[in-house]
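Remarks on the structure that follows.
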Amino acid sequence: MWWLLAAACCMLLHGPLHGYKQRSITNPEANMNISQIISYWGYPYEKYDVVTEDGYILGTYRIPHGKGSSEKTADSGYDVWLGNSRGNTWSRKHLTLSPDSPQYWAFSLDEMAKYDLPATINLILEKSGQKELFYVGHSQGTTIAFIAFSTNPELAKKIKIFFALAPVVTVKYTRSPMKTLTTLSRQAVKVLFGDKMFSTHTLFEQFIATKVCNRKIFYPACSNFLFSLSGFDPQNLNMSRLDVYMAQSPAGTSVQNMLHWAQAVNSGQLQAFDWGSADQNMMHFNQLTPPVYNISKMKVPTAMWSGGHDVVADSRDTVNLLPKVANLIYYKDIPHYNHMDFYLGQDAPQEIYQDLIRLMEEYLQN
């Protein structure tokens, strides 16, 4: 798909396509950071740097109230916090390590669950003055929550309800094209991608997003590229905002995290990262093999939504997950949903958010 976008880029360098000049309107948010996007839509924001126990600095954003007033007169009136995991676009700093070093990128789901999530939750509670919060996660955001809440009982006590969108615990049946990674050896993956960052957002991708994907003629090519790993429903996607979506993703992670993901596909289990040797595993876990995470130990009230067309979180994996969730208070399968519909689908407010808010309101009234 890249060849098609690159060809479009070459054509644009020689001038606008005939007949499409008036249609090439770039959405302002395509060139904004998180704070600017929040402000653009009329909301207040606060930015905090969360420092984890192992020295990573995570960008965390707060929308303290609705538009224009601190009173509950706009939207649903909630204090909203947006967290980021280490290594992505908004969290690429460390107290001592440089992102140019392999040591900085020696992390995966384990560290996100052990360090990032607790540090972020504790900062939110400290700044808001609350004792508990509602947690909403999508995809990997659910994975690290299942790990953290099942292994850290004290952290779990701080969660009122865990809302899991497109939950990913096991990925034995995933149909994402990324599954091809699982056929490669660890050495082959490192030859191809190195031992640092995986899939960062580049200046070329930013140019493609704002100069190519803002043109209606390229909507099909851009959408197919952007959602090639997760699938999408063109009938449920606002195609006029493709430039914004492409400008903000991919946010990047570590090659080690992708190796962890491939390990999960091959094993069919959710377990800690296999460091590649018995000695290394013994050093990290005090046992020869990486421990399996027992999510049935998680007692947090949990609401889940899954999609019938989700190629990443396949419905067969979801079926296996359901009986392991000890305190499942709500579950909805949305037959036409794919992996991205949960936050980009035009009908997400009706399919998901209204019930999510209702569950929060009911909890607060009890």
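Residues in the structure tokens are numbered from 1 in each chain, the chains being A, B, ... in the order shown, and ligands are numbered from 1 in the order shown.
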Please provide as a short mmCIF file (atom, residue, chain, number, x, y, z; two decimals) with N, CA, C and O atoms, in the first residue's frame all residues within 8 Å of A:Gln263, with the sequence filter that same-chain residues fewer than 5 positions apart are discarded (counting only C-alpha atoms).
data_model
loop_
_atom_site.label_atom_id
_atom_site.label_comp_id
_atom_site.auth_asym_id
_atom_site.auth_seq_id
_atom_site.Cartn_x
_atom_site.Cartn_y
_atom_site.Cartn_z
N THR A 182 4.86 -13.72 14.13
CA THR A 182 5.02 -14.92 14.95
C THR A 182 5.74 -16.04 14.22
O THR A 182 6.17 -17.00 14.84
N PHE A 273 6.97 -11.61 29.77
CA PHE A 273 7.87 -11.69 28.62
C PHE A 273 8.96 -12.74 28.84
O PHE A 273 9.60 -12.78 29.89
N ASP A 274 9.15 -13.59 27.86
CA ASP A 274 10.20 -14.61 27.91
C ASP A 274 11.50 -13.94 27.46
O ASP A 274 11.64 -13.53 26.31
#
(message) Need the shell around A:Val171: protein/DNA/RNA residues with any atom at most 10 Å away, counting only C-alpha atoms. Skip same-chain ones fewer than 3 positions apart. Format as a ChimeraX atom specification?
(response) /A:168,174-176,179,261-270,311-314,316-318
(request) Looking only at strand (DSSP E or B) from DSSP on the backbone, list the matching residues of stretch 77-230 of chain A as a ChimeraX atom specification. (result) /A:80-82,93-94,133-138,159-165,197-198
Give me the residues within 7 Å of stretch 97-105 of chain A as a PDB file with N, CA and C atoms, in the first residue's frame, counting only C-alpha atoms and dropping any in the same chain fewer than 6 places off.
ATOM      1  N   ASP A 195      16.480  -3.206  17.781  1.00  0.00           N
ATOM      2  CA  ASP A 195      16.163  -3.561  19.179  1.00  0.00           C
ATOM      3  C   ASP A 195      15.694  -2.343  19.965  1.00  0.00           C
ATOM      4  N   LYS A 196      15.119  -1.362  19.219  1.00  0.00           N
ATOM      5  CA  LYS A 196      14.647  -0.155  19.893  1.00  0.00           C
ATOM      6  C   LYS A 196      13.163   0.062  19.622  1.00  0.00           C
ATOM      7  N   MET A 197      12.872   1.079  18.852  1.00  0.00           N
ATOM      8  CA  MET A 197      11.492   1.492  18.644  1.00  0.00           C
ATOM      9  C   MET A 197      10.855   0.772  17.468  1.00  0.00           C
ATOM     10  N   SER A 254       7.891  -0.443  21.662  1.00  0.00           N
ATOM     11  CA  SER A 254       9.201  -1.089  21.556  1.00  0.00           C
ATOM     12  C   SER A 254       9.116  -2.359  20.730  1.00  0.00           C
TER      13      SER A 254
END
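Taking only C-alpha atoms into account, A:Leu58 lies nearest to A:Pro118 out of the set A:Gly345, A:Pro118, A:Pro234, A:Gly77.
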(request) Excluding A:Leu356 and any residue of its chain fewer than 6 positions from it, enumerate the residues within 10 Å of it, using only C-alpha atoms, and give them as a ChimeraX atom specification. (result) /A:136,161,163,303-305,330,349
(request) Rank A:Asn33, A:Asn27, A:Thr89, A:Gln365 by their smallest atom-to-atom distance to A:Ile57, using only C-alpha atoms, and report the top residue only. (result) A:Thr89
(message) Quick check for you: according to DSSP on this backbone, which residues of stretch 281-315 of chain A are classed as alpha helix (DSSP H)? Reply as number ranges by chain.
(response) A: 281-285, 315
Generate the output file for the selected residues, N, CA, C and O atoms, as a PDB file, in the first residue's frame.
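Output file part.pdb is given in full below:
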ATOM      1  N   ASN A 281      15.401 -15.498  32.588  1.00  0.00           N
ATOM      2  CA  ASN A 281      14.090 -15.615  33.236  1.00  0.00           C
ATOM      3  C   ASN A 281      14.235 -15.771  34.746  1.00  0.00           C
ATOM      4  O   ASN A 281      13.452 -15.191  35.517  1.00  0.00           O
ATOM      5  N   MET A 282      15.231 -16.523  35.163  1.00  0.00           N
ATOM      6  CA  MET A 282      15.464 -16.693  36.596  1.00  0.00           C
ATOM      7  C   MET A 282      15.818 -15.354  37.246  1.00  0.00           C
ATOM      8  O   MET A 282      15.360 -15.045  38.365  1.00  0.00           O
ATOM      9  N   MET A 283      16.592 -14.533  36.531  1.00  0.00           N
ATOM     10  CA  MET A 283      16.990 -13.246  37.065  1.00  0.00           C
ATOM     11  C   MET A 283      15.781 -12.311  37.205  1.00  0.00           C
ATOM     12  O   MET A 283      15.655 -11.576  38.181  1.00  0.00           O
ATOM     13  N   HIS A 284      14.867 -12.380  36.230  1.00  0.00           N
ATOM     14  CA  HIS A 284      13.716 -11.474  36.247  1.00  0.00           C
ATOM     15  C   HIS A 284      12.548 -11.996  37.093  1.00  0.00           C
ATOM     16  O   HIS A 284      11.829 -11.208  37.705  1.00  0.00           O
ATOM     17  N   PHE A 285      12.354 -13.329  37.089  1.00  0.00           N
ATOM     18  CA  PHE A 285      11.149 -13.876  37.720  1.00  0.00           C
ATOM     19  C   PHE A 285      11.425 -14.869  38.842  1.00  0.00           C
ATOM     20  O   PHE A 285      10.492 -15.366  39.467  1.00  0.00           O
ATOM     21  N   SER A 315     -13.351 -13.097  18.343  1.00  0.00           N
ATOM     22  CA  SER A 315     -14.460 -13.482  19.224  1.00  0.00           C
ATOM     23  C   SER A 315     -14.201 -14.795  19.950  1.00  0.00           C
ATOM     24  O   SER A 315     -14.697 -15.010  21.055  1.00  0.00           O
TER      25      SER A 315
END
(message) Calculated over only C-alpha atoms, which of the candidates A:Ile334, A:Lys158, A:Phe146, A:Glu362 has the smallest distance to A:Ser296?
(response) A:Phe146
Within 10 Å of stretch 123-128 of chain A, which residues of stretch 46-65 of chain A come that close, and what is the closest atom pair and distance in Å for each? Count only C-alpha atoms and give it as a Markdown table.
| residue | atom | partner | partner_atom | distance |
| --- | --- | --- | --- | --- |
| A:Tyr48 | CA | A:Leu123 | CA | 8.8 |
| A:Asp49 | CA | A:Leu123 | CA | 9.3 |
| A:Val50 | CA | A:Leu123 | CA | 7.1 |
| A:Val51 | CA | A:Leu123 | CA | 9.4 |
| A:Thr60 | CA | A:Ile124 | CA | 9.1 |
| A:Tyr61 | CA | A:Ile124 | CA | 9.9 |
| A:Arg62 | CA | A:Ile124 | CA | 8.9 |
| A:Pro64 | CA | A:Ser128 | CA | 9.0 |
